[in-house]
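Asker: This is input09.txt (compact mmCIF, C-alpha atoms).
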# COMPACT_ATOMS: atom_id res chain seq x y z
CA MET A 1 76.52 -3.56 -72.95
CA PRO A 2 75.91 -6.16 -70.21
CA ARG A 3 72.49 -6.37 -68.66
CA PRO A 4 72.32 -4.83 -65.14
CA ARG A 5 72.20 -7.47 -62.43
CA GLN A 6 68.97 -8.07 -60.59
CA GLU A 7 68.86 -6.90 -57.01
CA SER A 8 68.05 -9.86 -54.77
CA LYS A 9 66.54 -9.71 -51.33
CA ILE A 10 68.08 -11.23 -48.23
CA GLN A 11 66.12 -11.64 -45.04
CA ILE A 12 68.47 -11.44 -42.09
CA PRO A 13 71.99 -10.07 -42.43
CA PRO A 14 74.86 -12.45 -41.58
CA ARG A 15 76.27 -11.80 -38.12
CA ILE A 16 79.89 -12.16 -39.08
CA SER A 17 82.01 -10.73 -41.83
CA GLY A 18 83.95 -13.88 -42.70
CA PHE A 19 85.83 -17.04 -41.73
CA ILE A 20 89.50 -17.70 -41.06
CA PRO A 21 91.06 -21.16 -41.67
CA LEU A 22 93.03 -22.79 -38.87
CA GLY A 23 96.30 -24.67 -39.14
CA TYR A 24 99.71 -24.64 -40.76
CA TYR A 25 98.46 -24.60 -44.34
CA SER A 26 96.01 -21.73 -43.94
CA LYS A 27 96.83 -19.11 -46.55
CA GLU A 28 97.59 -15.46 -45.99
CA THR A 29 96.77 -14.72 -49.63
CA GLU A 30 93.79 -12.77 -50.94
CA PRO A 31 90.60 -13.99 -49.28
CA ILE A 32 87.74 -15.47 -51.26
CA LYS A 33 84.96 -12.89 -51.39
CA MET A 34 81.44 -14.23 -51.06
CA ASN A 35 78.75 -11.63 -51.57
CA LEU A 36 75.58 -11.47 -49.53
CA GLU A 37 73.30 -12.92 -52.19
CA GLU A 38 75.60 -15.97 -52.49
CA TYR A 39 75.49 -16.36 -48.71
CA GLU A 40 71.70 -16.10 -48.75
CA VAL A 41 71.31 -18.72 -51.48
CA ILE A 42 73.46 -21.16 -49.49
CA ARG A 43 71.39 -20.39 -46.38
CA LEU A 44 68.06 -20.95 -48.09
CA LEU A 45 68.97 -24.02 -50.16
CA ASP A 46 71.46 -25.89 -48.00
CA TYR A 47 70.55 -24.71 -44.49
CA GLU A 48 66.77 -24.19 -44.74
CA ASN A 49 66.42 -27.00 -47.33
CA LEU A 50 64.14 -25.00 -49.59
CA SER A 51 63.68 -25.81 -53.25
CA GLN A 52 65.21 -23.51 -55.82
CA GLU A 53 61.72 -22.32 -56.77
CA GLN A 54 60.89 -21.40 -53.14
CA ALA A 55 64.24 -19.66 -52.62
CA ALA A 56 63.85 -17.68 -55.84
CA ILE A 57 60.45 -16.40 -54.69
CA ILE A 58 61.84 -15.34 -51.31
CA MET A 59 64.82 -13.57 -52.86
CA GLU A 60 62.63 -12.05 -55.56
CA ILE A 61 64.85 -13.18 -58.43
CA SER A 62 64.29 -15.65 -61.27
CA ARG A 63 65.10 -19.32 -60.74
CA PRO A 64 67.85 -19.36 -63.44
CA THR A 65 69.50 -16.37 -61.74
CA LEU A 66 69.31 -18.17 -58.41
CA THR A 67 70.87 -21.29 -59.95
CA ARG A 68 73.77 -19.24 -61.30
CA ILE A 69 74.34 -17.58 -57.92
CA TYR A 70 74.20 -21.00 -56.19
CA GLU A 71 76.79 -22.51 -58.55
CA ARG A 72 79.09 -19.54 -57.99
CA ALA A 73 78.67 -19.77 -54.21
CA ARG A 74 79.41 -23.51 -54.10
CA LYS A 75 82.57 -23.06 -56.17
CA LYS A 76 83.76 -20.37 -53.77
CA ILE A 77 83.06 -22.56 -50.74
CA ALA A 78 84.88 -25.50 -52.35
CA LYS A 79 87.89 -23.34 -53.16
CA THR A 80 87.89 -21.91 -49.63
CA LEU A 81 87.84 -25.36 -48.02
CA VAL A 82 90.23 -27.17 -50.32
CA GLU A 83 92.77 -24.40 -50.74
CA SER A 84 92.46 -23.11 -47.13
CA HIS A 85 91.60 -19.52 -47.93
CA LYS A 86 89.96 -16.92 -45.76
CA LEU A 87 86.35 -16.25 -46.69
CA VAL A 88 84.99 -12.72 -46.53
CA LEU A 89 81.27 -11.91 -46.70
CA GLU A 90 80.72 -8.60 -48.41
CA GLY A 91 79.13 -6.74 -51.27
CA GLY A 92 76.82 -7.98 -53.97
CA THR A 93 73.59 -6.55 -55.29
CA ALA A 94 71.50 -7.74 -52.36
CA ILE A 95 69.13 -5.63 -50.32
CA PHE A 96 67.89 -6.63 -46.89
CA ASP A 97 64.26 -6.96 -45.98
CA ARG A 98 63.19 -3.42 -45.23
CA GLY A 99 63.61 -1.78 -41.86
CA TRP A 100 66.72 -3.45 -40.40
CA PHE A 101 69.11 -1.66 -38.06
CA GLU A 102 72.37 -2.51 -36.33
CA CYS A 103 73.30 -1.34 -32.85
CA GLN A 104 76.94 -0.32 -32.63
CA ASN A 105 76.89 -0.75 -28.85
CA CYS A 106 75.48 -4.24 -28.22
CA LYS A 107 76.08 -5.38 -31.84
CA SER A 108 72.54 -6.68 -32.23
CA PHE A 109 70.44 -6.40 -35.38
CA PHE A 110 66.79 -5.47 -35.14
CA ASN A 111 63.92 -4.59 -37.40
CA ASN A 112 61.26 -1.98 -36.99
CA TYR A 113 57.65 -1.96 -38.18
CA SER A 114 56.61 1.46 -36.92
CA GLU A 115 56.27 4.47 -39.23
CA THR A 116 58.97 6.39 -37.37
CA GLU A 117 62.57 5.30 -37.28
CA PRO A 118 63.90 4.10 -33.93
CA GLU A 119 66.19 6.44 -32.03
CA VAL A 120 67.59 3.87 -29.65
CA CYS A 121 68.36 0.16 -29.70
CA PRO A 122 65.40 -1.83 -28.26
CA LEU A 123 67.85 -4.10 -26.43
CA CYS A 124 70.46 -1.84 -24.83
CA SER A 125 68.66 1.55 -25.23
CA LYS A 126 71.76 3.22 -26.67
CA GLY A 127 71.37 5.64 -29.56
CA ASN A 128 74.36 4.45 -31.54
CA ILE A 129 72.42 2.67 -34.28
CA ILE A 130 72.79 2.55 -38.04
CA LYS A 131 70.19 1.75 -40.64
CA ILE A 132 71.25 -1.11 -42.87
CA SER A 133 68.12 -1.45 -45.01
CA MET B 1 57.63 -3.59 -24.16
CA ILE B 2 56.98 -7.30 -23.82
CA LEU B 3 59.74 -9.52 -25.19
CA ALA B 4 60.21 -13.27 -25.47
CA VAL B 5 63.68 -14.78 -25.16
CA PRO B 6 64.39 -18.47 -25.85
CA ILE B 7 66.53 -19.89 -23.05
CA ASP B 8 67.99 -23.33 -22.38
CA GLN B 9 67.27 -23.59 -18.64
CA ASN B 10 64.64 -22.50 -16.17
CA ASN B 11 66.80 -19.93 -14.37
CA THR B 12 68.69 -16.67 -14.86
CA THR B 13 72.03 -18.39 -15.51
CA ALA B 14 70.55 -19.89 -18.68
CA ALA B 15 72.03 -19.19 -22.11
CA ILE B 16 70.04 -17.96 -25.08
CA SER B 17 68.93 -21.04 -27.05
CA LEU B 18 70.45 -21.39 -30.46
CA LYS B 19 67.10 -22.32 -31.99
CA PHE B 20 64.00 -20.29 -31.31
CA ALA B 21 60.87 -22.40 -31.71
CA ARG B 22 62.27 -25.59 -30.14
CA SER B 23 63.84 -23.83 -27.19
CA PRO B 24 62.94 -25.66 -23.95
CA TYR B 25 61.96 -22.46 -22.12
CA PHE B 26 61.01 -18.90 -22.89
CA ALA B 27 61.56 -15.89 -20.68
CA ILE B 28 58.81 -13.33 -21.07
CA ILE B 29 60.19 -9.93 -20.09
CA TYR B 30 57.91 -7.00 -19.18
CA THR B 31 60.32 -4.09 -19.34
CA HIS B 32 57.90 -1.41 -18.09
CA GLU B 33 57.03 -3.48 -15.04
CA ASN B 34 60.65 -4.47 -14.50
CA LYS B 35 59.79 -8.16 -14.22
CA TYR B 36 60.03 -11.42 -16.11
CA LEU B 37 58.64 -14.91 -15.96
CA ILE B 38 59.94 -18.18 -17.38
CA VAL B 39 57.56 -20.56 -19.13
CA GLU B 40 58.13 -24.04 -20.49
CA ASN B 41 57.74 -24.61 -24.21
CA PRO B 42 54.97 -27.22 -24.53
CA TYR B 43 55.60 -27.59 -28.27
CA LYS B 44 59.35 -28.20 -28.30
CA ASP B 45 59.06 -31.89 -29.20
CA GLN B 46 56.16 -31.52 -31.59
CA LYS B 47 56.88 -32.84 -35.10
CA SER B 48 55.45 -29.96 -37.09
CA GLU B 49 54.00 -26.46 -36.80
CA VAL B 50 56.13 -25.72 -33.76
CA GLY B 51 56.72 -22.11 -34.82
CA LYS B 52 53.05 -21.45 -35.47
CA ASN B 53 52.00 -22.88 -32.11
CA ILE B 54 54.68 -21.20 -30.06
CA PHE B 55 53.84 -17.81 -31.57
CA SER B 56 50.14 -18.32 -30.84
CA MET B 57 51.10 -18.92 -27.22
CA LEU B 58 53.59 -16.05 -26.95
CA VAL B 59 51.38 -13.49 -28.67
CA ASN B 60 47.89 -14.51 -27.50
CA ASP B 61 48.68 -15.64 -23.95
CA TYR B 62 51.51 -13.28 -23.05
CA GLY B 63 51.14 -10.32 -25.42
CA VAL B 64 54.65 -10.57 -26.81
CA LYS B 65 55.56 -7.77 -29.25
CA SER B 66 59.29 -8.45 -29.73
CA ILE B 67 61.48 -11.52 -29.74
CA ILE B 68 65.18 -11.88 -29.08
CA GLY B 69 67.08 -14.74 -30.69
CA PHE B 70 70.37 -15.91 -32.05
CA GLU B 71 69.12 -17.94 -35.01
CA LEU B 72 65.67 -17.83 -36.56
CA GLY B 73 64.42 -20.41 -39.00
CA LEU B 74 62.67 -19.30 -42.12
CA ASN B 75 59.22 -20.30 -40.84
CA VAL B 76 59.66 -18.39 -37.62
CA TYR B 77 60.88 -15.33 -39.48
CA GLU B 78 57.88 -15.44 -41.83
CA ILE B 79 55.52 -15.66 -38.83
CA THR B 80 57.15 -12.62 -37.22
CA LYS B 81 56.67 -10.68 -40.44
CA ASN B 82 53.01 -11.69 -40.72
CA LYS B 83 52.33 -10.79 -37.09
CA GLN B 84 54.51 -7.64 -37.23
CA ILE B 85 56.60 -8.82 -34.31
CA GLN B 86 59.92 -7.08 -33.88
CA VAL B 87 62.97 -9.32 -34.20
CA ILE B 88 66.19 -8.64 -32.31
CA ILE B 89 69.14 -10.81 -33.36
CA ILE B 90 71.99 -11.01 -30.89
CA SER B 91 75.43 -11.36 -32.39
CA LYS B 92 77.19 -13.50 -29.82
CA MET B 93 76.57 -17.22 -29.44
CA ASN B 94 75.67 -18.52 -25.95
CA GLN B 95 74.89 -15.06 -24.65
CA SER B 96 73.49 -15.33 -21.13
CA PHE B 97 69.95 -14.48 -20.15
CA THR B 98 71.43 -12.33 -17.37
CA GLN B 99 73.20 -10.20 -19.98
CA VAL B 100 69.89 -9.66 -21.77
CA LEU B 101 68.26 -8.61 -18.50
CA ASN B 102 71.15 -6.21 -17.87
CA TRP B 103 70.76 -4.68 -21.31
CA LEU B 104 67.04 -4.23 -20.72
CA LYS B 105 67.71 -2.92 -17.21
CA VAL B 106 65.49 -5.56 -15.64
CA LYS B 107 66.65 -6.92 -12.29
CA PRO B 108 67.67 -10.62 -12.47
How does this structure look as structure tokens?

Answerer:
Amino acid sequence: MPRPRQESKIQIPPRISGFIPLGYYSKETEPIKMNLEEYEVIRLLDYENLSQEQAAIIMEISRPTLTRIYERARKKIAKTLVESHKLVLEGGTAIFDRGWFECQNCKSFFNNYSETEPEVCPLCSKGNIIKIS
Amino acid sequence: MILAVPIDQNNTTAAISLKFARSPYFAIIYTHENKYLIVENPYKDQKSEVGKNIFSMLVNDYGVKSIIGFELGLNVYEITKNKQIQVIIISKMNQSFTQVLNWLKVKP
């Protein structure tokens, strides 16, 4: 029986759900699916320029696990770019930092440190909010 | 609520800056008093510890409890967690400061 995968932590949810290639050769085939932990590893290592040790601490996973996720993510990005696929960000075993919400009205994300859950969005004051972590 | 918004110009037609700590200006919005003021970022060209310094200014000098931004660096995000400052991430790039004021129902 395979070992259950570790749940990794991501800090801020991505604001988009994917990317679409432009041009004649862009493919209408099945999109490449990148999960949220793969996105977060790319963000921490290649965007924030952290070391693998630092990123593993932030995501609360072991460094070898992080390395495996990173290799998987880079292969997906390479395939997306070279073969002109769509890229969809979804799924994975990631959890967000606690206390994040999304407003369905103004589409903002916000966190909350108070003991009680917010009833309205702090930006647009509408009550159409969902808890995402 | 007192919020800080990074903006790229010193007026209400400004756009939200893409980077928080090195934004040239910040709008400090006092929602209960229905007013705002725009302050220059004195640390924007500093080589290091920009996030730490700008948060000292925003929190200690202006009493900021929430920030609005499009993109937060890791250092800035860690500072907000340590200081328990609420983070609001807007989803649209180049959103105008006027739109933020409209959402907050503060007169431009």

Asker: Mind checking which residues fall within 12 Å of Asp61 in chain B, counting all atoms listed in the file, ignoring those fewer than 4 positions away in the same chain, and posting them as a PyMOL selection string?

Answerer: chain B and resi 2+4+28+39+53-57+65

Asker: For Val88 in chain A, which residue out of A:Lys131, A:Lys126, A:Arg72, A:Lys33 is the nearest one, using only C-alpha atoms?

Answerer: A:Lys33

Asker: Within 12 Å of Tyr30 in chain B, counting all atoms listed in the file, which residues show up once you throw out same-chain ones fewer than 5 positions away? Write them as a VMD selection string, please.

Answerer: chain B and resid 1 to 5 35 to 38 62 to 66 101 104 to 107

Asker: May I have the residues of chain B within 8 Å of chain A, counting all atoms listed in the file, written as a list of chain:residue names?

Answerer: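 Therefore, the residues near the partner are B:Gly73, B:Leu74, B:Gln84, B:Ile85, B:Gln86, B:Val87, B:Ile88, B:Ile89, B:Ile90, B:Ser91, B:Val100, B:Trp103, B:Leu104.
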
Asker: The residues within 12 Å of (90.6, -27.6, -48.3), using only C-alpha atoms and the coordinates of the file, should be reported as a list in words; which are they?

Answerer: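 All residues meeting the 12 Å criterion around (90.6, -27.6, -48.3) are Pro21, Leu22, Gly23, Tyr25, Ser26, Lys27, Lys76, Ile77, Ala78, Lys79, Thr80, Leu81, Val82, Glu83, Ser84, His85 and Lys86 of chain A.
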
Asker: Export, as a CSV table (one decimal), in the frame of the given file, the selected residues with C-alpha atoms.

Answerer:
chain,number,residue,atom,x,y,z
A,21,PRO,CA,91.1,-21.2,-41.7
A,22,LEU,CA,93.0,-22.8,-38.9
A,23,GLY,CA,96.3,-24.7,-39.1
A,25,TYR,CA,98.5,-24.6,-44.3
A,26,SER,CA,96.0,-21.7,-43.9
A,27,LYS,CA,96.8,-19.1,-46.6
A,76,LYS,CA,83.8,-20.4,-53.8
A,77,ILE,CA,83.1,-22.6,-50.7
A,78,ALA,CA,84.9,-25.5,-52.4
A,79,LYS,CA,87.9,-23.3,-53.2
A,80,THR,CA,87.9,-21.9,-49.6
A,81,LEU,CA,87.8,-25.4,-48.0
A,82,VAL,CA,90.2,-27.2,-50.3
A,83,GLU,CA,92.8,-24.4,-50.7
A,84,SER,CA,92.5,-23.1,-47.1
A,85,HIS,CA,91.6,-19.5,-47.9
A,86,LYS,CA,90.0,-16.9,-45.8

Asker: List the neighbours of Ile42 in chain A out to 10 Å using only C-alpha atoms; skip same-chain residues closer than 4 positions along the sequence, and give me the result as a list in words.

Answerer: Leu36, Glu37, Glu38, Asp46, Tyr47, Glu48, Asn49, Ala55, Ile69, Tyr70, Glu71, Ala73, Arg74 and Ile77 of chain A

Asker: Please compute the CA of Ile29 in chain B-CA of Thr98 in chain B distance, one decimal, in Å.

Answerer: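 CA of Thr98 in chain B lies at a distance of 11.8 Å from CA of Ile29 in chain B.
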
Asker: Name the closest residue to Asp8 in chain B among the candidates B:Arg22, B:Lys92, B:Lys83, B:His32; distances are taken between atoms, counting all atoms listed in the file.

Answerer: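 Smallest separation from Asp8 in chain B among the options: B:Arg22.
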
Asker: Expressed in Å to a single decimal, how great is the separation between CA of Leu87 in chain A and CA of Glu28 in chain A?

Answerer: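 CA of Leu87 in chain A sits 11.3 Å away from CA of Glu28 in chain A.
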